[in-house]
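Worksheet for the structure shown next.
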Amino acid sequence: MKIATWNVNSLKVRLPQVLDWLAANPVDALCLQELKLPDDRLPLDALREAGYHTAAAGQSTYNGVAVLSRQPGRDVLRNIPGFDDAQQRLLAVTLDSPCGEIRIISAYCPNGQSLESDKYPYKLAWFAALRDHIEQELARYPRLALLGDFNVAPEDRDVHDPVKWEGQVLVSAPERAALQALIDLGLHDAFRLFDQPEKSFSWWDYRQLGFRRNAGLRIDHILLSDALREHCVSCAIDKEPRRLPQPSDHAPVIAELGCA
DNA sequence: ATGGTAGACATTCTA
């Protein structure tokens, strides 16, 4: 079973790339972020013709998350229960696999903008609410994968220039602590289960030739519960879509679970 | 210290 995550920065613009990518990478589930489309404008027909069911929490202009899957997802949950939020940032589905049912969750964590912004405390509050929610989800679904754009680079090796970025948003100690609190529930960064090239990143700023200079951050992650970690046989970032004309600023991340 | 690019919407906000 293969699962993946991709912040597409507008599904409207990136739909052809998503369809091409799925044809070349026929994963069982693809979590998407930054759809920037309301529910009634999602390209459900095109995705169905490509062989995928769509469960989504859409939103016009900003945010919006989805899980595309070969089999229809069930027990669809939108947003974080009890966390009052107009921004569509979380979507969970349950899928069947040979090792039992798996909870797949697509997350678009807040960016935070800067440490001085009012979006920064919102980001930390969102992470705290996510932590409490995932704790409950883990109790019900021991085989759980949380995939998405976390907008946090966990360690300095996930940052192209740690000195320049020190203390900045996406890297600051409170954000890293918030991500670690989530991981401390019993999750594992699938990417770091394996040897990886140095300077591996998943996001590069559109500005200042960020991709060409590999001036990036690793902020897109696949977090696996203990029960899934033992089945994970690979995890990689696919930089190819970032090389295309009119790319998303993020690259997909794929993990393979040996239970299928 | 500033602005650089991209997307959506409407000329500014978010990332």
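Numbering starts fresh at 1 for the residues of each chain in the structure tokens, the chains themselves are lettered A, B, ... in the order given, and ligands are numbered from 1 as they appear.
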
Write out, as a Markdown table, each residue of chain A that has an atom at most 12 Å from chain B, together with the closest pair of atoms and their distance in Å to one decimal, counting only C-alpha atoms (C1' of nucleotides), rows going by chain and rising number.
```
| residue | atom | partner | partner_atom | distance |
| --- | --- | --- | --- | --- |
| A:Asn7 | CA | B:DA15 | C1' | 11.7 |
| A:Val8 | CA | B:DG7 | C1' | 10.9 |
| A:Asn9 | CA | B:DG7 | C1' | 7.4 |
| A:Ser10 | CA | B:DG7 | C1' | 7.0 |
| A:Leu11 | CA | B:DG7 | C1' | 10.5 |
| A:Lys12 | CA | B:DG7 | C1' | 10.0 |
| A:Val13 | CA | B:DG7 | C1' | 8.7 |
| A:Arg14 | CA | B:DG7 | C1' | 11.0 |
| A:Glu34 | CA | B:DA15 | C1' | 10.3 |
| A:Leu35 | CA | B:DG7 | C1' | 10.8 |
| A:Lys36 | CA | B:DA8 | C1' | 7.9 |
| A:Leu37 | CA | B:DA8 | C1' | 9.7 |
| A:Gln59 | CA | B:DA8 | C1' | 11.6 |
| A:Ser60 | CA | B:DA8 | C1' | 8.4 |
| A:Thr61 | CA | B:DA8 | C1' | 5.3 |
| A:Tyr62 | CA | B:DT14 | C1' | 7.7 |
| A:Asn63 | CA | B:DT14 | C1' | 9.9 |
| A:Pro110 | CA | B:DA15 | C1' | 10.0 |
| A:Asn111 | CA | B:DA15 | C1' | 7.4 |
| A:Gly112 | CA | B:DA15 | C1' | 9.5 |
| A:Gln113 | CA | B:DA15 | C1' | 7.7 |
| A:Ser114 | CA | B:DA15 | C1' | 11.1 |
| A:Lys119 | CA | B:DT14 | C1' | 10.9 |
| A:Asn151 | CA | B:DA15 | C1' | 10.4 |
| A:Val169 | CA | B:DA15 | C1' | 11.8 |
| A:Leu170 | CA | B:DA15 | C1' | 11.7 |
| A:Trp203 | CA | B:DA15 | C1' | 11.4 |
| A:Trp204 | CA | B:DT5 | C1' | 11.2 |
| A:Asp205 | CA | B:DT5 | C1' | 8.0 |
| A:Tyr206 | CA | B:DT5 | C1' | 5.0 |
| A:Arg207 | CA | B:DT5 | C1' | 4.7 |
| A:Gln208 | CA | B:DG4 | C1' | 6.0 |
| A:Leu209 | CA | B:DT5 | C1' | 9.2 |
| A:Gly210 | CA | B:DT5 | C1' | 10.1 |
| A:Phe211 | CA | B:DT5 | C1' | 12.0 |
| A:Gln246 | CA | B:DA6 | C1' | 8.9 |
| A:Pro247 | CA | B:DA6 | C1' | 9.5 |
| A:Ser248 | CA | B:DA6 | C1' | 8.8 |
| A:Asp249 | CA | B:DA6 | C1' | 8.6 |
| A:His250 | CA | B:DA15 | C1' | 11.4 |
```

Problem set entry | Contacts of Leu44 of chain A within 8 Å, only C-alpha atoms (C1' of nucleotides), excl. fewer than 4 positions in-chain, as a PyMOL selection string | chain A and resi 48+53-54

The selected residues should be written to file as a tab-separated table (two decimals), in the first residue's frame (atoms: all heavy atoms).
```tsv
chain	number	residue	atom	x	y	z
A	48	ARG	N	-12.38	10.93	-10.66
A	48	ARG	CA	-13.03	9.62	-10.73
A	48	ARG	C	-12.60	8.89	-12.00
A	48	ARG	O	-12.33	7.68	-11.97
A	48	ARG	CB	-14.56	9.79	-10.71
A	48	ARG	CG	-15.32	8.48	-10.47
A	48	ARG	CD	-16.82	8.70	-10.40
A	48	ARG	NE	-17.22	9.64	-9.37
A	48	ARG	CZ	-17.77	10.83	-9.60
A	48	ARG	NH1	-18.01	11.23	-10.83
A	48	ARG	NH2	-18.10	11.61	-8.59
A	53	HIS	N	-11.55	8.10	-5.73
A	53	HIS	CA	-12.63	8.73	-4.96
A	53	HIS	C	-12.05	9.94	-4.24
A	53	HIS	O	-10.87	9.95	-3.89
A	53	HIS	CB	-13.22	7.76	-3.95
A	53	HIS	CG	-13.80	6.54	-4.58
A	53	HIS	ND1	-15.13	6.43	-4.93
A	53	HIS	CD2	-13.23	5.37	-4.96
A	53	HIS	CE1	-15.36	5.26	-5.48
A	53	HIS	NE2	-14.22	4.59	-5.51
A	54	THR	N	-12.88	10.93	-4.00
A	54	THR	CA	-12.43	12.14	-3.33
A	54	THR	C	-13.27	12.40	-2.09
A	54	THR	O	-14.50	12.43	-2.17
A	54	THR	CB	-12.56	13.36	-4.27
A	54	THR	OG1	-11.78	13.14	-5.44
A	54	THR	CG2	-12.08	14.63	-3.57
```

Exercise. Quick one: DSSP alpha helix (DSSP H) residues in segment 16-242 of chain A, as an NGL selection string?
Worked result: :A and (16-24 or 44-49 or 119-140 or 162-165 or 173-183 or 226-229 or 240-242)

Quick one: residues within 10 Å of Leu22 of chain A, only C-alpha atoms (C1' of nucleotides) counted, chain neighbours fewer than 5 positions away excluded, as a PDB file with all heavy atoms, in the first residue's frame?
```
ATOM      1  N   PRO A  16      -3.992  19.102 -13.889  1.00  0.00           N
ATOM      2  CA  PRO A  16      -3.293  18.264 -14.886  1.00  0.00           C
ATOM      3  C   PRO A  16      -2.044  17.598 -14.305  1.00  0.00           C
ATOM      4  O   PRO A  16      -1.761  16.444 -14.620  1.00  0.00           O
ATOM      5  CB  PRO A  16      -2.923  19.269 -15.989  1.00  0.00           C
ATOM      6  CG  PRO A  16      -3.895  20.390 -15.821  1.00  0.00           C
ATOM      7  CD  PRO A  16      -4.160  20.494 -14.355  1.00  0.00           C
ATOM      8  N   GLN A  17      -1.316  18.309 -13.467  1.00  0.00           N
ATOM      9  CA  GLN A  17      -0.123  17.712 -12.853  1.00  0.00           C
ATOM     10  C   GLN A  17      -0.498  16.601 -11.874  1.00  0.00           C
ATOM     11  O   GLN A  17       0.209  15.593 -11.772  1.00  0.00           O
ATOM     12  CB  GLN A  17       0.710  18.779 -12.143  1.00  0.00           C
ATOM     13  CG  GLN A  17       1.360  19.763 -13.116  1.00  0.00           C
ATOM     14  CD  GLN A  17       2.282  20.747 -12.417  1.00  0.00           C
ATOM     15  OE1 GLN A  17       2.786  20.481 -11.337  1.00  0.00           O
ATOM     16  NE2 GLN A  17       2.497  21.897 -13.056  1.00  0.00           N
ATOM     17  N   VAL A  27      -0.687   5.565  -6.383  1.00  0.00           N
ATOM     18  CA  VAL A  27      -0.762   5.329  -4.940  1.00  0.00           C
ATOM     19  C   VAL A  27      -2.191   4.930  -4.544  1.00  0.00           C
ATOM     20  O   VAL A  27      -3.153   5.186  -5.277  1.00  0.00           O
ATOM     21  CB  VAL A  27      -0.340   6.592  -4.155  1.00  0.00           C
ATOM     22  CG1 VAL A  27       1.137   6.891  -4.382  1.00  0.00           C
ATOM     23  CG2 VAL A  27      -1.194   7.796  -4.543  1.00  0.00           C
ATOM     24  N   ASP A  28      -2.319   4.319  -3.383  1.00  0.00           N
ATOM     25  CA  ASP A  28      -3.649   3.953  -2.889  1.00  0.00           C
ATOM     26  C   ASP A  28      -4.365   5.159  -2.310  1.00  0.00           C
ATOM     27  O   ASP A  28      -5.600   5.227  -2.354  1.00  0.00           O
ATOM     28  CB  ASP A  28      -3.515   2.851  -1.831  1.00  0.00           C
ATOM     29  CG  ASP A  28      -2.963   1.582  -2.440  1.00  0.00           C
ATOM     30  OD1 ASP A  28      -3.735   0.838  -3.064  1.00  0.00           O
ATOM     31  OD2 ASP A  28      -1.732   1.343  -2.321  1.00  0.00           O
ATOM     32  N   ALA A  29      -3.613   6.097  -1.752  1.00  0.00           N
ATOM     33  CA  ALA A  29      -4.227   7.307  -1.201  1.00  0.00           C
ATOM     34  C   ALA A  29      -3.276   8.483  -1.385  1.00  0.00           C
ATOM     35  O   ALA A  29      -2.063   8.353  -1.175  1.00  0.00           O
ATOM     36  CB  ALA A  29      -4.556   7.121   0.285  1.00  0.00           C
ATOM     37  N   LEU A  30      -3.828   9.615  -1.805  1.00  0.00           N
ATOM     38  CA  LEU A  30      -3.051  10.859  -1.937  1.00  0.00           C
ATOM     39  C   LEU A  30      -3.758  11.957  -1.153  1.00  0.00           C
ATOM     40  O   LEU A  30      -4.909  12.301  -1.452  1.00  0.00           O
ATOM     41  CB  LEU A  30      -2.925  11.269  -3.407  1.00  0.00           C
ATOM     42  CG  LEU A  30      -2.273  12.644  -3.670  1.00  0.00           C
ATOM     43  CD1 LEU A  30      -0.851  12.694  -3.135  1.00  0.00           C
ATOM     44  CD2 LEU A  30      -2.308  12.972  -5.165  1.00  0.00           C
ATOM     45  N   LEU A  47     -11.163  13.293 -11.413  1.00  0.00           N
ATOM     46  CA  LEU A  47     -10.461  12.409 -10.486  1.00  0.00           C
ATOM     47  C   LEU A  47     -11.065  11.005 -10.516  1.00  0.00           C
ATOM     48  O   LEU A  47     -10.343  10.010 -10.452  1.00  0.00           O
ATOM     49  CB  LEU A  47     -10.500  12.998  -9.070  1.00  0.00           C
ATOM     50  CG  LEU A  47      -9.685  14.291  -8.916  1.00  0.00           C
ATOM     51  CD1 LEU A  47     -10.020  14.992  -7.606  1.00  0.00           C
ATOM     52  CD2 LEU A  47      -8.188  14.010  -9.011  1.00  0.00           C
ATOM     53  N   ALA A  50      -9.843   9.137 -13.345  1.00  0.00           N
ATOM     54  CA  ALA A  50      -8.472   8.678 -13.093  1.00  0.00           C
ATOM     55  C   ALA A  50      -8.438   7.524 -12.103  1.00  0.00           C
ATOM     56  O   ALA A  50      -7.360   7.000 -11.805  1.00  0.00           O
ATOM     57  CB  ALA A  50      -7.626   9.840 -12.576  1.00  0.00           C
ATOM     58  N   GLY A  51      -9.602   7.146 -11.575  1.00  0.00           N
ATOM     59  CA  GLY A  51      -9.675   5.993 -10.693  1.00  0.00           C
ATOM     60  C   GLY A  51      -9.665   6.309  -9.209  1.00  0.00           C
ATOM     61  O   GLY A  51      -9.389   5.421  -8.394  1.00  0.00           O
ATOM     62  N   TYR A  52      -9.970   7.551  -8.863  1.00  0.00           N
ATOM     63  CA  TYR A  52      -9.894   7.945  -7.455  1.00  0.00           C
ATOM     64  C   TYR A  52     -11.211   8.533  -6.935  1.00  0.00           C
ATOM     65  O   TYR A  52     -11.853   9.339  -7.604  1.00  0.00           O
ATOM     66  CB  TYR A  52      -8.769   8.973  -7.250  1.00  0.00           C
ATOM     67  CG  TYR A  52      -7.413   8.322  -7.310  1.00  0.00           C
ATOM     68  CD1 TYR A  52      -6.764   8.145  -8.532  1.00  0.00           C
ATOM     69  CD2 TYR A  52      -6.813   7.819  -6.159  1.00  0.00           C
ATOM     70  CE1 TYR A  52      -5.538   7.510  -8.603  1.00  0.00           C
ATOM     71  CE2 TYR A  52      -5.591   7.182  -6.228  1.00  0.00           C
ATOM     72  CZ  TYR A  52      -4.950   7.028  -7.443  1.00  0.00           C
ATOM     73  OH  TYR A  52      -3.740   6.387  -7.505  1.00  0.00           O
TER      74      TYR A  52
END
```

Problem set entry | Every residue of segment 56-170 of chain A that DSSP places in strand (DSSP E or B), as a PyMOL selection string | chain A and resi 56-57+65-69+74-78+90-97+100-108+144-149+159
